[in-house]
>>> print(open('query_23.cif').read())   # mmCIF, C-alpha atoms and all ligand atoms
data_coords
#
loop_
_atom_site.label_atom_id
_atom_site.label_comp_id
_atom_site.auth_asym_id
_atom_site.auth_seq_id
_atom_site.Cartn_x
_atom_site.Cartn_y
_atom_site.Cartn_z
CA MET C 1 -4.24 25.06 -0.20
CA ALA C 2 -1.17 23.26 -1.61
CA LEU C 3 -0.87 19.53 -0.96
CA THR C 4 2.41 17.62 -1.15
CA LEU C 5 2.71 13.85 -0.80
CA TYR C 6 6.08 12.34 0.09
CA GLU C 7 6.36 8.73 -1.10
CA LEU C 8 9.08 6.25 -2.04
CA GLY C 9 10.67 6.35 -5.47
CA GLY C 10 12.72 3.52 -6.95
CA LEU C 11 14.63 3.03 -10.20
CA ASP C 12 12.77 4.24 -13.33
CA ASP C 13 10.78 6.46 -11.00
CA ARG C 14 8.70 3.54 -9.71
CA ARG C 15 6.49 4.81 -6.89
CA TYR C 16 6.40 1.62 -4.89
CA SER C 17 5.53 2.59 -1.31
CA LEU C 18 2.85 0.21 -0.04
CA PHE C 19 1.26 2.67 2.38
CA SER C 20 1.51 5.67 0.07
CA TRP C 21 -0.84 3.96 -2.37
CA ARG C 22 -3.56 4.24 0.26
CA THR C 23 -2.96 7.96 0.40
CA ARG C 24 -2.78 8.33 -3.38
CA TYR C 25 -6.21 6.72 -3.69
CA ALA C 26 -7.64 8.63 -0.72
CA LEU C 27 -6.59 11.94 -2.28
CA ALA C 28 -8.07 10.96 -5.65
CA HIS C 29 -11.28 9.83 -3.92
CA LYS C 30 -11.59 13.35 -2.49
CA GLY C 31 -10.88 14.89 -5.89
CA LEU C 32 -7.55 16.28 -4.67
CA THR C 33 -4.35 16.39 -6.73
CA PRO C 34 -1.16 16.70 -4.69
CA GLU C 35 2.34 17.42 -5.84
CA TYR C 36 4.17 14.09 -5.54
CA ARG C 37 7.68 14.12 -4.02
CA PRO C 38 9.61 10.86 -4.37
CA VAL C 39 12.23 10.11 -1.72
CA ARG C 40 14.76 7.29 -1.43
CA ILE C 41 14.03 4.88 1.41
CA SER C 42 17.54 5.38 2.83
CA ASP C 43 17.39 9.20 2.66
CA LYS C 44 16.02 10.05 6.08
CA ALA C 45 17.31 13.65 5.84
CA ALA C 46 14.70 14.33 3.11
CA ILE C 47 11.82 13.62 5.51
CA ALA C 48 13.39 14.72 8.82
CA PHE C 49 11.06 17.77 8.78
CA SER C 50 8.20 15.37 9.68
CA GLY C 51 9.86 14.32 12.96
CA GLN C 52 9.89 10.61 12.04
CA ASP C 53 11.39 8.34 9.36
CA LYS C 54 8.58 6.83 7.28
CA VAL C 55 6.35 7.76 4.34
CA PRO C 56 3.66 8.59 3.37
CA ILE C 57 3.83 12.15 4.64
CA LEU C 58 1.21 14.64 3.55
CA VAL C 59 1.86 18.35 3.81
CA ASP C 60 -1.46 20.18 3.66
CA GLY C 61 -0.75 23.89 3.82
CA GLU C 62 0.95 24.38 7.20
CA THR C 63 0.01 20.92 8.50
CA VAL C 64 2.38 17.93 8.29
CA ILE C 65 0.77 14.51 8.79
CA HIS C 66 2.42 11.10 8.70
CA ASP C 67 0.91 7.60 8.85
CA SER C 68 -1.52 6.64 6.08
CA PHE C 69 -4.50 6.11 8.39
CA ARG C 70 -4.01 9.44 10.14
CA ILE C 71 -3.72 11.09 6.73
CA ALA C 72 -7.05 9.52 5.68
CA GLN C 73 -8.66 10.80 8.88
CA HIS C 74 -7.27 14.26 8.19
CA LEU C 75 -8.61 14.25 4.63
CA GLU C 76 -12.04 13.13 5.83
CA ALA C 77 -12.15 15.83 8.52
CA HIS C 78 -10.77 18.73 6.49
CA HIS C 79 -11.73 18.13 2.87
CA GLY C 80 -15.09 17.71 1.18
CA GLY C 81 -15.92 15.40 -1.71
CA GLU C 82 -16.86 11.74 -1.41
CA THR C 83 -16.62 10.20 2.06
CA LEU C 84 -13.75 7.79 2.72
CA PHE C 85 -15.36 6.10 5.71
CA GLY C 86 -19.11 6.75 5.61
CA GLY C 87 -19.31 8.05 9.17
CA GLU C 88 -17.98 7.26 12.63
CA ILE C 89 -18.80 3.55 12.60
CA GLY C 90 -17.23 3.12 9.17
CA GLN C 91 -14.13 4.97 10.31
CA SER C 92 -13.80 2.75 13.35
CA LEU C 93 -14.25 -0.45 11.32
CA SER C 94 -11.79 0.85 8.73
CA ARG C 95 -9.21 1.34 11.50
CA PHE C 96 -9.74 -2.26 12.56
CA PHE C 97 -9.39 -3.46 8.94
CA ASN C 98 -6.23 -1.35 8.59
CA SER C 99 -4.67 -3.13 11.59
CA PHE C 100 -5.84 -6.51 10.32
CA VAL C 101 -4.24 -6.01 6.90
CA ASP C 102 -1.04 -4.52 8.34
CA ARG C 103 -0.59 -7.16 11.02
CA THR C 104 -1.87 -10.24 9.19
CA ILE C 105 -1.70 -9.84 5.40
CA VAL C 106 1.40 -7.63 4.99
CA PRO C 107 3.69 -9.83 7.17
CA ARG C 108 2.71 -12.86 5.04
CA LEU C 109 3.21 -11.01 1.77
CA ALA C 110 6.44 -9.13 2.48
CA PRO C 111 8.74 -12.18 2.81
CA LEU C 112 7.56 -13.52 -0.56
CA ILE C 113 8.54 -10.43 -2.55
CA ALA C 114 11.12 -8.48 -0.49
CA LEU C 115 14.00 -9.87 -2.58
CA ASP C 116 12.25 -8.70 -5.76
CA VAL C 117 11.68 -5.25 -4.25
CA THR C 118 15.46 -4.78 -3.94
CA GLY C 119 15.63 -5.28 -7.73
CA ILE C 120 13.88 -1.97 -8.40
CA LEU C 121 16.18 -0.01 -6.05
CA ASP C 122 19.66 1.48 -6.35
CA ASP C 123 22.40 -0.18 -4.29
CA GLY C 124 22.08 2.08 -1.25
CA ASP C 125 18.30 1.67 -1.01
CA ALA C 126 18.51 -2.08 -1.66
CA ARG C 127 21.00 -2.42 1.21
CA HIS C 128 18.73 -0.39 3.49
CA LEU C 129 15.64 -2.44 2.67
CA ARG C 130 17.51 -5.71 3.04
CA GLY C 131 18.69 -4.61 6.50
CA VAL C 132 15.16 -3.64 7.62
CA MET C 133 13.52 -6.84 6.31
CA GLU C 134 16.18 -9.27 7.47
CA LYS C 135 16.07 -7.76 10.96
CA ALA C 136 12.26 -7.95 11.05
CA PHE C 137 12.04 -11.57 9.87
CA GLY C 138 15.33 -12.98 11.23
CA LYS C 139 16.24 -14.58 7.86
CA THR C 140 18.00 -13.55 4.66
CA LEU C 141 15.79 -12.34 1.82
CA GLU C 142 16.86 -15.39 -0.17
CA GLU C 143 15.73 -17.72 2.65
CA LEU C 144 12.43 -15.85 2.95
CA ALA C 145 11.67 -16.31 -0.76
CA ALA C 146 12.92 -19.89 -1.04
CA ASN C 147 9.54 -21.60 -0.49
CA ARG C 148 7.27 -18.90 -1.83
CA ASP C 149 5.42 -21.18 -4.26
CA LYS C 150 4.14 -23.02 -1.19
CA ASP C 151 4.01 -20.05 1.21
CA VAL C 152 1.73 -18.06 -1.09
CA ILE C 153 -1.03 -20.63 -0.55
CA ALA C 154 -1.35 -19.62 3.11
CA LEU C 155 -1.54 -15.97 2.09
CA ARG C 156 -4.28 -16.69 -0.47
CA ARG C 157 -6.24 -18.52 2.22
CA LEU C 158 -5.93 -15.54 4.57
CA LEU C 159 -7.64 -13.44 1.93
CA ASP C 160 -10.79 -15.61 1.97
CA PRO C 161 -12.91 -13.16 4.00
CA ALA C 162 -12.32 -10.57 1.28
CA ARG C 163 -13.49 -13.05 -1.36
CA ALA C 164 -16.66 -13.72 0.65
CA GLN C 165 -17.28 -9.98 0.81
CA LEU C 166 -16.84 -9.66 -2.96
CA ARG C 167 -19.37 -12.42 -3.58
CA ALA C 168 -21.98 -10.11 -2.00
CA GLN C 169 -20.91 -6.77 -3.50
CA PRO C 170 -18.47 -5.31 -6.05
CA PHE C 171 -16.25 -3.55 -3.50
CA ILE C 172 -15.10 -4.27 0.06
CA SER C 173 -16.95 -1.10 1.13
CA GLY C 174 -20.20 -1.86 -0.74
CA SER C 175 -21.53 -0.80 -4.14
CA LYS C 176 -18.78 1.81 -4.41
CA PRO C 177 -15.13 1.76 -3.33
CA ALA C 178 -13.98 3.61 -0.21
CA TYR C 179 -11.03 3.60 2.17
CA ALA C 180 -11.33 -0.07 3.18
CA ASP C 181 -10.80 -0.99 -0.47
CA TYR C 182 -7.70 1.18 -0.61
CA ILE C 183 -6.35 -0.52 2.53
CA LEU C 184 -6.45 -3.98 0.96
CA PHE C 185 -5.52 -2.83 -2.52
CA SER C 186 -2.25 -1.21 -1.39
CA PRO C 187 -0.28 -4.39 -0.57
CA LEU C 188 -1.44 -5.97 -3.82
CA GLN C 189 -0.41 -2.86 -5.72
CA TRP C 190 2.97 -2.94 -3.96
CA ALA C 191 3.39 -6.54 -5.13
CA ARG C 192 2.24 -5.70 -8.67
CA ILE C 193 4.80 -2.88 -9.02
CA THR C 194 7.77 -4.59 -7.38
CA SER C 195 7.52 -8.28 -8.23
CA PRO C 196 6.62 -10.57 -11.14
CA PHE C 197 5.57 -13.27 -8.65
CA PRO C 198 1.81 -13.99 -8.97
CA ILE C 199 0.23 -13.36 -5.58
CA LEU C 200 -3.29 -13.95 -6.88
CA GLU C 201 -4.38 -16.72 -9.23
CA GLU C 202 -6.20 -16.07 -12.48
CA GLY C 203 -9.94 -16.49 -11.98
CA ASP C 204 -9.73 -15.38 -8.34
CA ALA C 205 -12.51 -12.89 -7.53
CA LEU C 206 -9.83 -10.77 -5.90
CA SER C 207 -7.96 -10.52 -9.22
CA ALA C 208 -11.10 -9.13 -10.88
CA TRP C 209 -11.54 -6.68 -7.97
CA ARG C 210 -7.90 -5.62 -8.27
CA GLU C 211 -8.49 -4.84 -11.97
CA ARG C 212 -11.50 -2.72 -10.99
CA MET C 213 -9.35 -0.95 -8.42
CA LEU C 214 -6.64 -0.27 -11.00
CA ASP C 215 -9.26 1.34 -13.27
CA LEU C 216 -10.49 3.78 -10.60
CA HIS C 217 -9.75 7.50 -10.65
CA GLY C 218 -8.77 7.56 -14.31
CA GLY C 219 -6.58 4.46 -14.07
CA LEU C 220 -4.49 5.88 -11.22
CA GLY C 221 -3.14 2.46 -10.24
CA ARG C 222 -1.97 1.77 -13.79
CA SER C 223 0.17 4.93 -13.83
CA ILE C 224 3.01 2.68 -12.66
CA PRO C 225 3.44 -0.46 -14.80
CA ALA C 226 3.40 -3.98 -13.38
CA ARG C 227 6.87 -5.50 -12.89
CA ALA C 228 7.53 -7.81 -15.82
N1 LIG C 301 1.86 2.73 9.66
C1 LIG C 301 2.55 3.50 8.66
C2 LIG C 301 3.65 2.66 8.01
C3 LIG C 301 4.56 3.49 7.13
C4 LIG C 301 5.71 2.67 6.56
O1 LIG C 301 6.15 1.65 7.12
N2 LIG C 301 6.24 3.14 5.43
C5 LIG C 301 7.39 2.51 4.79
C6 LIG C 301 7.26 2.60 3.28
S1 LIG C 301 5.84 1.85 2.61
C7 LIG C 301 8.64 3.30 5.11
O2 LIG C 301 8.65 4.50 5.00
N3 LIG C 301 9.72 2.61 5.50
C8 LIG C 301 10.97 3.28 5.77
C9 LIG C 301 12.02 2.36 6.27
O3 LIG C 301 11.75 1.15 6.42
O4 LIG C 301 13.14 2.84 6.49
C10 LIG C 301 1.55 4.01 7.62
O5 LIG C 301 0.45 3.44 7.51
O6 LIG C 301 1.82 5.01 6.95
#
>>> encode(input="query_23.cif", output="structure tokens")
Amino acid sequence: MALTLYELGGLDDRRYSLFSWRTRYALAHKGLTPEYRPVRISDKAAIAFSGQDKVPILVDGETVIHDSFRIAQHLEAHHGGETLFGGEIGQSLSRFFNSFVDRTIVPRLAPLIALDVTGILDDGDARHLRGVMEKAFGKTLEELAANRDKDVIALRRLLDPARAQLRAQPFISGSKPAYADYILFSPLQWARITSPFPILEEGDALSAWRERMLDLHGGLGRSIPARA
């Protein structure tokens, strides 16, 4: 059955959607190769068929699914291959981890790099993103980035539980990567693609893990270069 993944595309065809990277990795984990359809973040007409205004959207045959976690659940339920969650308990804990990363890590990361993200977009998309971010945070993108050398320290500290996990095992999910790894990798991949600002320090165990994540599935994560 044909699979199509709608994701964000920026200048130079940079596929920069934070949440779509979870779906890209989940599909690869299952051994599935979708057709990728880039859309502009301001072009809501292109994704109106899904009944909402965000990507990723996966079209699997006749089924249209939006929201990266729901897509992962769909893939686990309807496609074979390696498990993404390792059973019901793993799926439940992955949902918790998804909320933790989205509500705790992403809101700390986004203000640091949102201004840089506009640099990989055309004018219309940059205006759209600026509007969304400035409304969400109540400050201009310039104000949000002004103290990022200091603000990044709090973000690095928030990532400590992940470092503790990686002291015990090579991946967040255990000896092998699974969906929980893709959840945490996606914001770091978003930052890597859209911003030259160093979120992680050299020598950080999370940097080494991110390199391992970039190598997975035939170097899938490296298919889009880091922002210089
Ligand atoms: N909870 C959703 C979040 C999806 C989301 O926020 N996607 C962003 C791109 S990474 C988007 O489409 N934003 C459109 C906009 O802000 O107009 C998921 O996990 O898929």
>>> closest_atom_pairs(input="query_23.cif", of="chain C", to="ligand LIG 301 (chain C)", cutoff="8 Å", atoms="only C-alpha atoms and all ligand atoms", output="CSV")
residue,atom,partner,partner_atom,distance
C:Glu7,CA,C:LIG301,C6,7.6
C:Leu8,CA,C:LIG301,C6,6.7
C:Tyr16,CA,C:LIG301,S1,7.5
C:Ser17,CA,C:LIG301,S1,4.0
C:Leu18,CA,C:LIG301,S1,4.3
C:Phe19,CA,C:LIG301,S1,4.7
C:Ser20,CA,C:LIG301,S1,6.3
C:Ile41,CA,C:LIG301,O4,5.5
C:Ser42,CA,C:LIG301,O4,6.3
C:Lys44,CA,C:LIG301,O4,7.8
C:Asp53,CA,C:LIG301,C8,6.2
C:Lys54,CA,C:LIG301,O2,3.3
C:Val55,CA,C:LIG301,O2,4.0
C:Pro56,CA,C:LIG301,O6,5.4
C:Ile57,CA,C:LIG301,O6,7.8
C:His66,CA,C:LIG301,O6,6.4
C:Asp67,CA,C:LIG301,O6,3.3
C:Ser68,CA,C:LIG301,O6,3.8
C:Phe69,CA,C:LIG301,O5,5.7
C:Arg70,CA,C:LIG301,O5,7.9
C:Asp102,CA,C:LIG301,N1,7.9
C:His128,CA,C:LIG301,O4,7.1
C:Leu129,CA,C:LIG301,O3,6.5
C:Val132,CA,C:LIG301,O3,6.0
>>> residues_around(input="query_23.cif", residues="C:Pro107", least_positions_apart="4", cutoff="10 Å", atoms="all atoms listed in the file", output="PyMOL selection string")
chain C and resi 101-103+111-112+136-137+155
>>> residues_near_point(input="query_23.cif", point="(-13.9, 3.0, 10.0)", cutoff="12 Å", atoms="only C-alpha atoms", output="list of chain:residue names")
C:Phe69, C:Arg70, C:Ala72, C:Gln73, C:Glu76, C:Thr83, C:Leu84, C:Phe85, C:Gly86, C:Gly87, C:Glu88, C:Ile89, C:Gly90, C:Gln91, C:Ser92, C:Leu93, C:Ser94, C:Arg95, C:Phe96, C:Phe97, C:Asn98, C:Ser99, C:Ser173, C:Ala178, C:Tyr179, C:Ala180, C:Asp181, C:Ile183
>>> atom_distance(input="query_23.cif", atom1="atom CA of C:Asp149", atom2="atom CA of C:Ile105")
16.5 Å
>>> closest_residue(input="query_23.cif", among="C:Val117, C:Val152, C:Val39, C:Leu220", to="C:Arg192", atoms="all atoms listed in the file")
C:Val117
>>> atom_distance(input="query_23.cif", atom1="atom CA of C:Thr194", atom2="atom CA of C:Trp21")
13.1 Å
>>> atom_distance(input="query_23.cif", atom1="atom CA of C:Ile199", atom2="atom CA of C:Arg167")
19.7 Å
>>> closest_residue(input="query_23.cif", among="C:Asp125, C:Glu142, C:Glu134, C:Asp116", to="C:Trp190", atoms="all atoms listed in the file")
C:Asp116
>>> closest_residue(input="query_23.cif", among="C:Trp209, C:Phe185, C:Phe49, C:Phe100", to="C:Arg24", atoms="only C-alpha atoms")
C:Phe185
>>> closest_residue(input="query_23.cif", among="C:Pro225, C:Pro170, C:Gly31, C:Pro177", to="C:Pro196", atoms="all atoms listed in the file")
C:Pro225
>>> residues_around(input="query_23.cif", residues="C:Ala114", least_positions_apart="4", cutoff="10 Å", atoms="only C-alpha atoms", output="PDB file with C-alpha atoms, in the frame of the given file")
ATOM      1  CA  LEU C 109       3.210 -11.010   1.770  1.00  0.00           C
ATOM      2  CA  ALA C 110       6.440  -9.130   2.480  1.00  0.00           C
ATOM      3  CA  THR C 118      15.460  -4.780  -3.940  1.00  0.00           C
ATOM      4  CA  GLY C 119      15.630  -5.280  -7.730  1.00  0.00           C
ATOM      5  CA  ALA C 126      18.510  -2.080  -1.660  1.00  0.00           C
ATOM      6  CA  LEU C 129      15.640  -2.440   2.670  1.00  0.00           C
ATOM      7  CA  ARG C 130      17.510  -5.710   3.040  1.00  0.00           C
ATOM      8  CA  MET C 133      13.520  -6.840   6.310  1.00  0.00           C
ATOM      9  CA  GLU C 134      16.180  -9.270   7.470  1.00  0.00           C
ATOM     10  CA  THR C 140      18.000 -13.550   4.660  1.00  0.00           C
ATOM     11  CA  LEU C 141      15.790 -12.340   1.820  1.00  0.00           C
ATOM     12  CA  GLU C 142      16.860 -15.390  -0.170  1.00  0.00           C
ATOM     13  CA  LEU C 144      12.430 -15.850   2.950  1.00  0.00           C
ATOM     14  CA  ALA C 145      11.670 -16.310  -0.760  1.00  0.00           C
ATOM     15  CA  ALA C 191       3.390  -6.540  -5.130  1.00  0.00           C
ATOM     16  CA  THR C 194       7.770  -4.590  -7.380  1.00  0.00           C
ATOM     17  CA  SER C 195       7.520  -8.280  -8.230  1.00  0.00           C
TER      18      SER C 195
END
>>> closest_residue(input="query_23.cif", among="C:Ile153, C:Met1, C:Leu115, C:Met213", to="C:Gln189", atoms="only C-alpha atoms")
C:Met213
>>> residues_around(input="query_23.cif", residues="C:Asp204", least_positions_apart="3", cutoff="12 Å", atoms="all atoms listed in the file", output="PyMOL selection string")
chain C and resi 156-157+159-160+162-164+166-167+198-201+207-211
>>> decode(input="query_23.cif", residues="stretch 79-93 of chain C", atoms="N, CA and C atoms", output="short mmCIF file (atom, residue, chain, number, x, y, z; two decimals), in the first residue's frame")
data_model
loop_
_atom_site.label_atom_id
_atom_site.label_comp_id
_atom_site.auth_asym_id
_atom_site.auth_seq_id
_atom_site.Cartn_x
_atom_site.Cartn_y
_atom_site.Cartn_z
N HIS C 79 1.58 -2.27 10.75
CA HIS C 79 2.73 -2.69 9.94
C HIS C 79 3.63 -3.58 10.78
N GLY C 80 4.25 -4.53 10.12
CA GLY C 80 5.15 -5.46 10.83
C GLY C 80 6.53 -4.84 11.03
N GLY C 81 7.55 -5.67 11.01
CA GLY C 81 8.92 -5.17 11.22
C GLY C 81 9.21 -4.99 12.69
N GLU C 82 10.29 -4.30 12.97
CA GLU C 82 10.73 -4.09 14.36
C GLU C 82 9.68 -3.29 15.14
N THR C 83 9.53 -3.63 16.43
CA THR C 83 8.57 -2.88 17.24
C THR C 83 9.09 -1.47 17.59
N LEU C 84 8.17 -0.51 17.60
CA LEU C 84 8.54 0.86 17.99
C LEU C 84 8.46 1.05 19.49
N PHE C 85 7.59 0.29 20.14
CA PHE C 85 7.30 0.53 21.56
C PHE C 85 7.65 -0.65 22.47
N GLY C 86 7.68 -1.87 21.91
CA GLY C 86 7.96 -3.03 22.76
C GLY C 86 6.78 -3.41 23.63
N GLY C 87 5.57 -3.21 23.15
CA GLY C 87 4.39 -3.65 23.91
C GLY C 87 3.61 -2.51 24.53
N GLU C 88 2.54 -2.88 25.24
CA GLU C 88 1.60 -1.89 25.77
C GLU C 88 2.24 -0.95 26.80
N ILE C 89 3.07 -1.54 27.68
CA ILE C 89 3.69 -0.70 28.71
C ILE C 89 4.66 0.29 28.06
N GLY C 90 5.43 -0.22 27.12
CA GLY C 90 6.38 0.65 26.40
C GLY C 90 5.66 1.76 25.64
N GLN C 91 4.51 1.43 25.09
CA GLN C 91 3.75 2.44 24.34
C GLN C 91 3.25 3.54 25.28
N SER C 92 2.77 3.09 26.43
CA SER C 92 2.26 4.04 27.41
C SER C 92 3.39 4.96 27.93
N LEU C 93 4.55 4.35 28.24
CA LEU C 93 5.67 5.17 28.72
C LEU C 93 6.20 6.08 27.62
#
